[in-house]
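Here is the structure we will look at.
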Amino acid sequence: MNNNRALRQLCGWLVVLLMLGSLSVPAYAVSAGTFDTGRSGSIQLSCFYNKKPISDGNLLLYRVGDMETDEGQYYFRLSNELGGARLSQTDLDRNALAGELAAHAGLKKLSSREESFGQNGTVRFENVTVGLYLLVQTKAASGYECLEPILVSMPFKDPRSGDYIYDVDATGKPALEREARPTPSPVPTPKPDPGLPKTGQLNWPVPVLAGFGILFVLVGFCLLASDLRRSRQ
């Protein structure tokens with residue numbers, strides 16, 4: 001009996017020691033639902049048309065804002081060159097936002113990184129720090145139009161698991177280049193050829209012909225009177 005009681009006491013002390021030991025271990029892992037601001041990652045964009053990789057053209061990467069947290073909620077802060085506005089994930093889901101930032105005059109003040117698409121139809125930017133990024137294409141692949149600007153964050157928060165992904169994959173949808181319609185040339189106004197005879201009714205022959213007609217009538221009367229005089233003689 002005494003042996004069993006001593007064994008139970010020993011087990012109890014071991015449990016207490018283990019609990020105290022676990023409290024002294026530092027927590028190195030980032031808690032769920034937060035992101036590590038000091039960690040770097042990558043951004044990769046794949047470009048396919050009808051499952052065919054587009055292996056030409058360039059891509060510019062602009063860092064347009066920071067990623068921050070406020071009372072457990074994360075949000076984005078645009079750079080001062082772009083106005084410094086505070087954006088939520090809902091704002092990022094608005095398709096027109098990327099185009100608006102690409103057309104912003106302040107974008108020219110930001111530095112960018114440029115890469116070209118490889119044979120597999122992908123372009124990858126390594127050593128990307130935490131923040132909000134804009135992907136802009138200025139040189140399209142032959143036969144295609146430039147991709148629409150794309151806005152991505154690094155890291156990207158998985159809406160299903162809530163985990164932050166530091167190697168971000170995005171997809172671009174290229175469009176075939178539109179054929180330029182030829183501009184119709186103006187129809188020249190035809191100029192009259194001075195060497196061609198003029199057509200249409202002329203007024204000057206009317207009195208001349210009328211005069212000749214009267215003359216011929218008078219001559220006819222004279223001849224007729226002369227014939228009558230001869231017949232009477």
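Starting from 1 in every chain, residues are counted up; chains themselves are A, B, ... following the order of the structure tokens, and ligands are numbered from 1 as listed.
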field: Close residues, Asn50 of chain A itself excluded, 10 Å, only C-alpha atoms, min 2 positions apart in chain, as JSON, numbers by chain
entry: {"A": [48, 52, 53, 173, 174]}
Write the residues you've just listed into a file as a compact mmCIF listing (two decimals), in the first residue's frame, and include C-alpha atoms for each of them.
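Contents of the output file selection26.txt:
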# COMPACT_ATOMS: atom_id res chain seq x y z
CA PHE A 48 -1.22 30.45 -70.62
CA LYS A 52 -0.28 26.93 -74.24
CA PRO A 53 2.49 28.71 -72.28
CA LYS A 173 -5.07 35.75 -68.76
CA PRO A 174 -3.65 37.01 -72.05
message: Give me, as a ChimeraX atom specification, all polymer residues having an atom no more than 10 Å from segment 157-159 of chain A, counting only C-alpha atoms and skipping those fewer than 2 positions away in the same chain.
response: /A:33-35,74,89,153-155,161-166,168
task: Compile the contact shell of segment 127-138 of chain A as a VMD selection string: residues with an atom at most 10 Å away, counting only C-alpha atoms, same-chain residues fewer than 6 positions apart removed.
output: chain A and resid 35 to 43 45 57 to 68 75 to 79 92 98 to 99 101 to 102 107 112 to 116 145 to 156 166 to 167 172
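Atom pair atom CA of Glu100 of chain A / atom CA of Gly83 of chain A: separated by 12.1 Å.
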Report as a short mmCIF file (atom, residue, chain, number, x, y, z; two decimals) with N, CA and C atoms, in the first residue's frame: the residues of segment 50-210 of chain A with a DSSP assignment of strand (DSSP E or B), based on the backbone of this structure.
data_model
loop_
_atom_site.label_atom_id
_atom_site.label_comp_id
_atom_site.auth_asym_id
_atom_site.auth_seq_id
_atom_site.Cartn_x
_atom_site.Cartn_y
_atom_site.Cartn_z
N LYS A 52 -1.58 26.73 -73.60
CA LYS A 52 -0.28 26.93 -74.24
C LYS A 52 0.49 28.00 -73.48
N PRO A 53 1.72 27.70 -73.02
CA PRO A 53 2.49 28.71 -72.28
C PRO A 53 2.92 29.86 -73.18
N ASN A 58 7.54 40.82 -70.93
CA ASN A 58 8.18 41.16 -69.65
C ASN A 58 7.13 41.34 -68.57
N LEU A 59 7.59 41.57 -67.36
CA LEU A 59 6.70 41.83 -66.23
C LEU A 59 7.45 42.71 -65.23
N LEU A 60 6.81 43.79 -64.80
CA LEU A 60 7.38 44.69 -63.80
C LEU A 60 6.70 44.45 -62.46
N LEU A 61 7.50 44.46 -61.39
CA LEU A 61 6.99 44.27 -60.03
C LEU A 61 7.21 45.55 -59.24
N TYR A 62 6.12 46.16 -58.78
CA TYR A 62 6.17 47.36 -57.96
C TYR A 62 5.70 47.02 -56.54
N ARG A 63 6.43 47.50 -55.54
CA ARG A 63 5.95 47.40 -54.16
C ARG A 63 5.16 48.67 -53.87
N VAL A 64 3.83 48.54 -53.78
CA VAL A 64 2.95 49.70 -53.70
C VAL A 64 2.40 49.94 -52.31
N GLY A 65 2.70 49.07 -51.33
CA GLY A 65 2.16 49.30 -50.00
C GLY A 65 2.69 48.32 -48.98
N ASP A 66 2.35 48.57 -47.72
CA ASP A 66 2.75 47.72 -46.60
C ASP A 66 1.56 46.89 -46.14
N MET A 67 1.88 45.81 -45.44
CA MET A 67 0.87 44.93 -44.86
C MET A 67 0.99 45.05 -43.34
N GLU A 68 -0.10 45.43 -42.68
CA GLU A 68 -0.05 45.70 -41.25
C GLU A 68 -1.24 45.04 -40.55
N THR A 69 -1.16 45.02 -39.22
CA THR A 69 -2.25 44.46 -38.41
C THR A 69 -2.76 45.51 -37.44
N ASP A 70 -4.04 45.38 -37.09
CA ASP A 70 -4.66 46.29 -36.14
C ASP A 70 -5.72 45.51 -35.38
N GLN A 73 -6.73 42.27 -36.92
CA GLN A 73 -7.16 42.36 -38.31
C GLN A 73 -6.01 42.91 -39.15
N TYR A 74 -5.79 42.32 -40.31
CA TYR A 74 -4.72 42.80 -41.16
C TYR A 74 -5.31 43.69 -42.26
N TYR A 75 -4.51 44.66 -42.70
CA TYR A 75 -4.93 45.57 -43.75
C TYR A 75 -3.69 46.03 -44.50
N PHE A 76 -3.90 46.87 -45.51
CA PHE A 76 -2.80 47.33 -46.36
C PHE A 76 -2.77 48.85 -46.35
N ARG A 77 -1.57 49.39 -46.41
CA ARG A 77 -1.38 50.83 -46.45
C ARG A 77 -0.58 51.17 -47.71
N LEU A 78 -1.20 51.93 -48.63
CA LEU A 78 -0.51 52.31 -49.85
C LEU A 78 0.66 53.23 -49.54
N ARG A 86 -5.62 53.58 -46.74
CA ARG A 86 -5.71 52.30 -46.05
C ARG A 86 -6.72 51.42 -46.78
N LEU A 87 -6.30 50.20 -47.11
CA LEU A 87 -7.12 49.28 -47.89
C LEU A 87 -7.39 48.01 -47.10
N SER A 112 11.11 49.52 -59.49
CA SER A 112 10.49 48.27 -59.92
C SER A 112 11.56 47.24 -60.26
N ARG A 113 11.14 46.00 -60.27
CA ARG A 113 11.98 44.90 -60.72
C ARG A 113 11.37 44.32 -61.99
N GLU A 114 12.21 43.97 -62.95
CA GLU A 114 11.72 43.48 -64.24
C GLU A 114 12.26 42.07 -64.51
N GLU A 115 11.38 41.20 -64.94
CA GLU A 115 11.74 39.84 -65.33
C GLU A 115 11.02 39.51 -66.62
N SER A 116 11.53 38.48 -67.33
CA SER A 116 10.92 38.02 -68.58
C SER A 116 10.31 36.64 -68.38
N THR A 122 6.11 31.12 -67.27
CA THR A 122 6.07 31.67 -65.92
C THR A 122 7.21 32.68 -65.73
N VAL A 123 6.98 33.59 -64.80
CA VAL A 123 8.01 34.53 -64.37
C VAL A 123 7.97 34.53 -62.84
N ARG A 124 9.15 34.57 -62.22
CA ARG A 124 9.23 34.43 -60.77
C ARG A 124 10.13 35.51 -60.19
N PHE A 125 9.65 36.14 -59.13
CA PHE A 125 10.43 37.13 -58.40
C PHE A 125 10.79 36.53 -57.03
N GLU A 126 12.08 36.45 -56.75
CA GLU A 126 12.56 35.87 -55.50
C GLU A 126 12.88 36.99 -54.50
N ASN A 127 13.03 36.57 -53.23
CA ASN A 127 13.42 37.49 -52.14
C ASN A 127 12.49 38.71 -52.06
N VAL A 128 11.20 38.43 -52.03
CA VAL A 128 10.19 39.47 -51.95
C VAL A 128 9.83 39.66 -50.48
N GLY A 131 4.51 42.71 -48.12
CA GLY A 131 3.91 43.95 -48.60
C GLY A 131 2.89 43.70 -49.68
N LEU A 132 2.43 44.79 -50.27
CA LEU A 132 1.44 44.77 -51.34
C LEU A 132 2.16 45.10 -52.65
N TYR A 133 1.91 44.29 -53.70
CA TYR A 133 2.67 44.40 -54.94
C TYR A 133 1.73 44.52 -56.14
N LEU A 134 2.23 45.25 -57.16
CA LEU A 134 1.50 45.43 -58.40
C LEU A 134 2.34 44.88 -59.55
N LEU A 135 1.74 44.00 -60.35
CA LEU A 135 2.40 43.41 -61.51
C LEU A 135 1.88 44.11 -62.77
N VAL A 136 2.80 44.66 -63.55
CA VAL A 136 2.44 45.41 -64.75
C VAL A 136 3.28 44.91 -65.92
N TYR A 144 -0.07 38.89 -78.90
CA TYR A 144 -0.97 39.04 -77.75
C TYR A 144 -0.94 40.48 -77.25
N ILE A 150 -2.11 43.32 -62.21
CA ILE A 150 -2.52 42.37 -61.18
C ILE A 150 -1.98 42.84 -59.83
N LEU A 151 -2.84 42.83 -58.82
CA LEU A 151 -2.48 43.25 -57.47
C LEU A 151 -2.44 42.03 -56.56
N VAL A 152 -1.29 41.79 -55.92
CA VAL A 152 -1.14 40.64 -55.03
C VAL A 152 -0.46 41.08 -53.74
N SER A 153 -0.69 40.32 -52.69
CA SER A 153 -0.01 40.56 -51.41
C SER A 153 0.92 39.40 -51.12
N MET A 154 2.03 39.70 -50.47
CA MET A 154 2.96 38.68 -50.01
C MET A 154 3.22 38.93 -48.52
N PHE A 156 0.13 35.76 -48.87
CA PHE A 156 -1.28 35.67 -49.22
C PHE A 156 -1.99 34.82 -48.18
N LYS A 157 -3.10 35.33 -47.66
CA LYS A 157 -3.84 34.59 -46.65
C LYS A 157 -4.85 33.66 -47.30
N TYR A 164 -0.98 31.84 -43.80
CA TYR A 164 -0.33 32.78 -44.70
C TYR A 164 0.66 32.03 -45.58
N ILE A 165 0.56 32.27 -46.89
CA ILE A 165 1.41 31.61 -47.88
C ILE A 165 2.44 32.62 -48.37
N ASP A 167 4.98 31.88 -50.65
CA ASP A 167 5.32 31.66 -52.06
C ASP A 167 4.01 31.77 -52.84
N VAL A 168 3.77 32.98 -53.36
CA VAL A 168 2.48 33.31 -53.96
C VAL A 168 2.50 32.96 -55.44
N ASP A 169 1.44 32.27 -55.90
CA ASP A 169 1.27 31.94 -57.32
C ASP A 169 0.05 32.68 -57.85
N ALA A 170 0.25 33.37 -58.96
CA ALA A 170 -0.85 34.09 -59.62
C ALA A 170 -0.92 33.64 -61.07
N THR A 171 -2.03 33.93 -61.71
CA THR A 171 -2.25 33.53 -63.10
C THR A 171 -2.71 34.74 -63.90
N GLY A 172 -2.10 34.92 -65.07
CA GLY A 172 -2.50 35.99 -65.98
C GLY A 172 -3.27 35.43 -67.16
N LEU A 176 -5.66 37.74 -77.30
CA LEU A 176 -5.06 37.84 -78.61
C LEU A 176 -5.04 39.30 -79.07
#
For Gln119 of chain A: contacts at 8 Å, only C-alpha atoms, fewer than 4 positions along chain excluded, given as an MDAnalysis selection string: chainID A and resid 53:56
Convert the current residue selection to file output with C-alpha atoms, as a PDB file, in the first residue's frame.
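selection-v2.pdb, freshly written:
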ATOM      1  CA  PRO A  53       2.489  28.709 -72.276  1.00  0.00           C
ATOM      2  CA  ILE A  54       3.253  32.254 -73.388  1.00  0.00           C
ATOM      3  CA  SER A  55       7.033  32.467 -73.303  1.00  0.00           C
ATOM      4  CA  ASP A  56       7.608  36.054 -74.337  1.00  0.00           C
TER       5      ASP A  56
END
- request: Enter the distance from atom CA of Phe216 of chain A to atom CA of Ser231 of chain A, in Å, rounded to one decimal.
  value: 22.6 Å
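The spacing separating atom CA of Phe117 of chain A from atom CA of Ala103 of chain A amounts to 22.9 Å.
Distance check against Gly106 of chain A using only C-alpha atoms: of A:Ser46, A:Asn80, A:Ser88, A:Asn120, the minimum falls on A:Asn80.
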